[in-house]
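Following: one structure in structure tokens, then a few remarks.
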Amino acid sequence: MVINGANIRNILTSTAKNKNLATLKAWGFALSNLRYNPNYDIAYTVLTRKNLADFGVNKQDLEGLASFLNNLKDAKIVLVLYELGDGRVKGSLRTNKDDVDVCVLAQVFGGGGHKKAAGFEVEGRLKQTVSGWRIE
């Protein structure tokens with residue numbers, strides 16, 4: 001885009017630098033709840049409908065969170081799970097490793113995407129258990 005005359009400053013302002021306070025607080029909550037599962041080499045975070053309501057954010061406000069977390073060097077895969085308002089759960093998967101294909105994992109749950117960025121939506125709700133989070 002830059003080669004064709006696009007203004008990089010305007011692109012950054014329109015994409016990366018357009019988060020409001022509520023969105024950044026929700027992202028902060030997601031960061032503070034980031035967990036790592038060494039069995040699968042995956043870092044994950046979860047936001048429930050209540051969390052989203054408490055922060056006053058929606059699905060669009062969480063766009064980019066998984067990509068931001070993909071800067072993490074300590075895990076092969078990053079997963080962001082959050083509840084949508086219609087009884088579904090959205091999962092966003094990212095990796096920066098060449099030997100991992102997160103699209104294959106997303107396809108297990110009926111989703112898709114690309115090798116390094118994929119996602120899915122399933123019916124259900126997030127439930128915290130003694131052993132972690134699950135979708136019911």
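Labels for the structure tokens follow display order: chains A, B, ..., residues from 1 in each chain, ligands from 1.
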Set out as CSV a contact list for range 90-127 of chain A and range 39-59 of chain A with a cut-off of 10 Å, giving each residue of range 90-127 of chain A that qualifies its closest atom pair and distance in Å to one decimal, counting only C-alpha atoms, ordered by chain and rising residue number.
```
residue,atom,partner,partner_atom,distance
A:Lys90,CA,A:Lys59,CA,9.0
A:Gly91,CA,A:Val46,CA,9.3
A:Ser92,CA,A:Tyr44,CA,9.8
A:Leu93,CA,A:Tyr44,CA,9.2
A:Arg94,CA,A:Ile42,CA,9.9
A:Thr95,CA,A:Ile42,CA,9.5
A:Arg125,CA,A:Thr48,CA,8.2
A:Leu126,CA,A:Thr48,CA,6.6
A:Lys127,CA,A:Thr48,CA,8.7
```
Sel. of alpha helix (DSSP H) residues, chain A, as an MDAnalysis selection string: chainID A and resid 8:15 21:32 49:55 65:69 102:108
File of the preceding selection, N, CA and C atoms, as a tab-separated table (two decimals), in the first residue's frame:
```
chain	number	residue	atom	x	y	z
A	8	ILE	N	1.15	5.87	5.62
A	8	ILE	CA	1.33	4.91	6.71
A	8	ILE	C	0.85	5.47	8.04
A	9	ARG	N	1.04	6.75	8.28
A	9	ARG	CA	0.58	7.37	9.53
A	9	ARG	C	-0.95	7.28	9.63
A	10	ASN	N	-1.66	7.55	8.54
A	10	ASN	CA	-3.12	7.45	8.57
A	10	ASN	C	-3.58	6.00	8.77
A	11	ILE	N	-2.86	5.07	8.18
A	11	ILE	CA	-3.22	3.65	8.34
A	11	ILE	C	-3.06	3.24	9.80
A	12	LEU	N	-1.94	3.61	10.42
A	12	LEU	CA	-1.72	3.27	11.83
A	12	LEU	C	-2.75	3.93	12.73
A	13	THR	N	-3.07	5.18	12.46
A	13	THR	CA	-4.07	5.88	13.27
A	13	THR	C	-5.43	5.22	13.13
A	14	SER	N	-5.77	4.76	11.96
A	14	SER	CA	-7.08	4.15	11.73
A	14	SER	C	-7.17	2.72	12.24
A	15	THR	N	-6.05	2.07	12.45
A	15	THR	CA	-6.10	0.67	12.87
A	15	THR	C	-5.56	0.48	14.28
A	21	LEU	N	-10.85	3.95	25.93
A	21	LEU	CA	-10.48	3.55	27.28
A	21	LEU	C	-11.12	2.22	27.68
A	22	ALA	N	-12.40	2.04	27.38
A	22	ALA	CA	-13.10	0.80	27.74
A	22	ALA	C	-12.44	-0.40	27.05
A	23	THR	N	-12.08	-0.23	25.80
A	23	THR	CA	-11.44	-1.32	25.05
A	23	THR	C	-10.09	-1.67	25.68
A	24	LEU	N	-9.29	-0.67	25.99
A	24	LEU	CA	-7.99	-0.94	26.59
A	24	LEU	C	-8.11	-1.57	27.97
A	25	LYS	N	-9.13	-1.20	28.72
A	25	LYS	CA	-9.36	-1.85	30.02
A	25	LYS	C	-9.73	-3.31	29.83
A	26	ALA	N	-10.56	-3.61	28.84
A	26	ALA	CA	-10.92	-5.01	28.55
A	26	ALA	C	-9.68	-5.78	28.11
A	27	TRP	N	-8.85	-5.18	27.27
A	27	TRP	CA	-7.61	-5.82	26.86
A	27	TRP	C	-6.70	-6.06	28.06
A	28	GLY	N	-6.65	-5.11	28.97
A	28	GLY	CA	-5.85	-5.26	30.18
A	28	GLY	C	-6.35	-6.43	31.02
A	29	PHE	N	-7.67	-6.55	31.12
A	29	PHE	CA	-8.25	-7.68	31.85
A	29	PHE	C	-7.85	-8.99	31.18
A	30	ALA	N	-7.95	-9.02	29.85
A	30	ALA	CA	-7.56	-10.23	29.11
A	30	ALA	C	-6.08	-10.55	29.34
A	31	LEU	N	-5.24	-9.54	29.35
A	31	LEU	CA	-3.81	-9.76	29.60
A	31	LEU	C	-3.58	-10.27	31.03
A	32	SER	N	-4.29	-9.71	31.98
A	32	SER	CA	-4.07	-10.14	33.37
A	32	SER	C	-4.56	-11.56	33.61
A	49	ARG	N	-19.47	-13.07	28.78
A	49	ARG	CA	-20.44	-12.01	28.45
A	49	ARG	C	-20.47	-10.97	29.56
A	50	LYS	N	-20.39	-11.44	30.81
A	50	LYS	CA	-20.39	-10.50	31.93
A	50	LYS	C	-19.17	-9.59	31.87
A	51	ASN	N	-18.01	-10.15	31.57
A	51	ASN	CA	-16.80	-9.31	31.44
A	51	ASN	C	-17.01	-8.24	30.38
A	52	LEU	N	-17.52	-8.64	29.23
A	52	LEU	CA	-17.73	-7.69	28.13
A	52	LEU	C	-18.72	-6.61	28.55
A	53	ALA	N	-19.80	-7.02	29.23
A	53	ALA	CA	-20.80	-6.05	29.70
A	53	ALA	C	-20.20	-5.11	30.75
A	54	ASP	N	-19.40	-5.66	31.65
A	54	ASP	CA	-18.78	-4.84	32.69
A	54	ASP	C	-17.89	-3.76	32.10
A	55	PHE	N	-17.20	-4.08	31.01
A	55	PHE	CA	-16.31	-3.10	30.37
A	55	PHE	C	-17.03	-2.28	29.31
A	65	LEU	N	-6.98	-8.21	19.38
A	65	LEU	CA	-6.41	-8.69	20.63
A	65	LEU	C	-5.56	-9.94	20.42
A	66	ALA	N	-6.06	-10.90	19.67
A	66	ALA	CA	-5.29	-12.13	19.43
A	66	ALA	C	-4.00	-11.82	18.68
A	67	SER	N	-4.06	-10.92	17.73
A	67	SER	CA	-2.85	-10.56	16.99
A	67	SER	C	-1.85	-9.86	17.91
A	68	PHE	N	-2.34	-9.02	18.80
A	68	PHE	CA	-1.46	-8.37	19.76
A	68	PHE	C	-0.78	-9.40	20.66
A	69	LEU	N	-1.56	-10.36	21.15
A	69	LEU	CA	-1.00	-11.40	22.02
A	69	LEU	C	-0.03	-12.31	21.29
A	102	VAL	N	-2.62	-23.06	12.70
A	102	VAL	CA	-3.79	-22.89	13.57
A	102	VAL	C	-5.10	-23.07	12.82
A	103	CYS	N	-5.06	-23.00	11.50
A	103	CYS	CA	-6.28	-23.23	10.71
A	103	CYS	C	-6.78	-24.66	10.91
A	104	VAL	N	-5.88	-25.61	11.02
A	104	VAL	CA	-6.26	-27.01	11.24
A	104	VAL	C	-7.03	-27.12	12.56
A	105	LEU	N	-6.55	-26.44	13.59
A	105	LEU	CA	-7.23	-26.47	14.88
A	105	LEU	C	-8.60	-25.79	14.79
A	106	ALA	N	-8.67	-24.67	14.13
A	106	ALA	CA	-9.95	-23.97	13.96
A	106	ALA	C	-10.96	-24.83	13.21
A	107	GLN	N	-10.50	-25.58	12.23
A	107	GLN	CA	-11.39	-26.44	11.45
A	107	GLN	C	-12.01	-27.54	12.30
A	108	VAL	N	-11.33	-27.98	13.35
A	108	VAL	CA	-11.89	-28.98	14.26
A	108	VAL	C	-13.19	-28.45	14.86
```
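In this model, the gap between CA of Leu62 in chain A and CA of Val122 in chain A comes to 17.2 Å.
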Distance criterion (only C-alpha atoms): nearest to Lys97 in chain A out of A:Asn37, A:Gly113, A:Asn7, A:Leu72: A:Leu72
Atom-to-atom span, CA of Lys116 in chain A and CA of Leu81 in chain A, Å: 16.8 Å
Pick out each residue of range 7-102 of chain A that DSSP on the backbone tags as strand (DSSP E or B); I need them as a CSV table (one decimal) with N, CA, C and O atoms, in the first residue's frame.
```
chain,number,residue,atom,x,y,z
A,35,ARG,N,-3.2,-17.2,30.5
A,35,ARG,CA,-2.7,-18.4,31.1
A,35,ARG,C,-1.9,-19.2,30.1
A,35,ARG,O,-2.1,-19.0,28.9
A,36,TYR,N,-1.1,-20.1,30.5
A,36,TYR,CA,-0.2,-20.9,29.6
A,36,TYR,C,-0.5,-22.4,30.0
A,36,TYR,O,-0.4,-22.8,31.1
A,37,ASN,N,-0.7,-23.2,28.9
A,37,ASN,CA,-0.8,-24.6,29.1
A,37,ASN,C,0.4,-25.3,28.4
A,37,ASN,O,0.5,-25.3,27.2
A,42,ILE,N,0.3,-23.5,24.5
A,42,ILE,CA,-0.7,-22.5,24.1
A,42,ILE,C,-0.9,-21.6,25.3
A,42,ILE,O,-1.0,-22.0,26.4
A,43,ALA,N,-1.0,-20.3,24.9
A,43,ALA,CA,-1.4,-19.2,25.9
A,43,ALA,C,-2.8,-18.9,25.5
A,43,ALA,O,-3.2,-18.7,24.3
A,44,TYR,N,-3.6,-18.7,26.5
A,44,TYR,CA,-5.0,-18.4,26.3
A,44,TYR,C,-5.6,-17.4,27.3
A,44,TYR,O,-5.1,-17.3,28.4
A,45,THR,N,-6.6,-16.7,26.9
A,45,THR,CA,-7.4,-15.9,27.8
A,45,THR,C,-8.8,-16.0,27.4
A,45,THR,O,-9.2,-16.4,26.3
A,46,VAL,N,-9.7,-15.7,28.4
A,46,VAL,CA,-11.1,-15.9,28.3
A,46,VAL,C,-11.8,-14.6,28.8
A,46,VAL,O,-11.5,-14.0,29.8
A,47,LEU,N,-12.9,-14.2,28.0
A,47,LEU,CA,-13.7,-13.1,28.4
A,47,LEU,C,-15.2,-13.6,28.3
A,47,LEU,O,-15.6,-14.0,27.2
A,77,ILE,N,1.1,-21.1,20.3
A,77,ILE,CA,-0.3,-20.7,19.9
A,77,ILE,C,-0.8,-19.8,20.9
A,77,ILE,O,-0.6,-20.0,22.1
A,78,VAL,N,-1.6,-18.8,20.4
A,78,VAL,CA,-2.4,-17.9,21.3
A,78,VAL,C,-3.8,-18.1,20.9
A,78,VAL,O,-4.2,-18.2,19.8
A,79,LEU,N,-4.7,-18.2,22.0
A,79,LEU,CA,-6.1,-18.4,21.8
A,79,LEU,C,-6.8,-17.3,22.7
A,79,LEU,O,-6.6,-17.2,23.9
A,80,VAL,N,-7.7,-16.6,22.1
A,80,VAL,CA,-8.6,-15.7,22.8
A,80,VAL,C,-10.0,-16.3,22.6
A,80,VAL,O,-10.5,-16.4,21.5
A,81,LEU,N,-10.7,-16.6,23.7
A,81,LEU,CA,-12.0,-17.1,23.8
A,81,LEU,C,-12.9,-16.0,24.4
A,81,LEU,O,-12.6,-15.5,25.5
A,82,TYR,N,-14.1,-15.7,23.7
A,82,TYR,CA,-15.0,-14.8,24.4
A,82,TYR,C,-16.4,-15.1,23.9
A,82,TYR,O,-16.7,-15.7,22.8
A,83,GLU,N,-17.4,-14.8,24.8
A,83,GLU,CA,-18.8,-15.1,24.6
A,83,GLU,C,-19.4,-14.0,23.8
A,83,GLU,O,-19.2,-12.8,24.0
A,88,ARG,N,-23.2,-18.0,21.6
A,88,ARG,CA,-22.1,-18.6,20.9
A,88,ARG,C,-20.8,-18.1,21.5
A,88,ARG,O,-20.8,-17.1,22.2
A,89,VAL,N,-19.8,-18.9,21.3
A,89,VAL,CA,-18.4,-18.5,21.8
A,89,VAL,C,-17.5,-18.4,20.6
A,89,VAL,O,-17.6,-19.2,19.6
A,90,LYS,N,-16.7,-17.3,20.5
A,90,LYS,CA,-15.8,-17.0,19.5
A,90,LYS,C,-14.4,-17.4,19.9
A,90,LYS,O,-14.0,-17.0,21.1
A,91,GLY,N,-13.6,-18.0,19.1
A,91,GLY,CA,-12.2,-18.3,19.4
A,91,GLY,C,-11.4,-17.8,18.3
A,91,GLY,O,-11.7,-17.9,17.1
A,92,SER,N,-10.3,-17.0,18.7
A,92,SER,CA,-9.4,-16.5,17.7
A,92,SER,C,-8.0,-17.1,18.0
A,92,SER,O,-7.5,-17.0,19.1
A,93,LEU,N,-7.4,-17.7,17.0
A,93,LEU,CA,-6.1,-18.4,17.1
A,93,LEU,C,-5.1,-17.7,16.3
A,93,LEU,O,-5.3,-17.3,15.2
A,94,ARG,N,-3.9,-17.6,16.9
A,94,ARG,CA,-2.8,-17.0,16.2
A,94,ARG,C,-1.5,-17.7,16.5
A,94,ARG,O,-1.4,-18.3,17.6
```
A:Gln60, A:Ala118, A:Asp74, A:Gly85 ranked by distance to Asp101 in chain A, top pick (using only C-alpha atoms):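 Checking each of A:Gln60, A:Ala118, A:Asp74, A:Gly85 against Asp101 in chain A, counting only C-alpha atoms, the winner is A:Ala118.
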Atomic separation - CA of Lys19 in chain A relative to CA of Ala75 in chain A, Å: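 Between CA of Ala75 in chain A and CA of Lys19 in chain A the gap is 25.6 Å.
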Counting only C-alpha atoms, the option among A:Leu84, A:Gly111, A:Ile3, A:Glu136 closest to Gly124 in chain A: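 The closest residue to Gly124 in chain A is A:Glu136.
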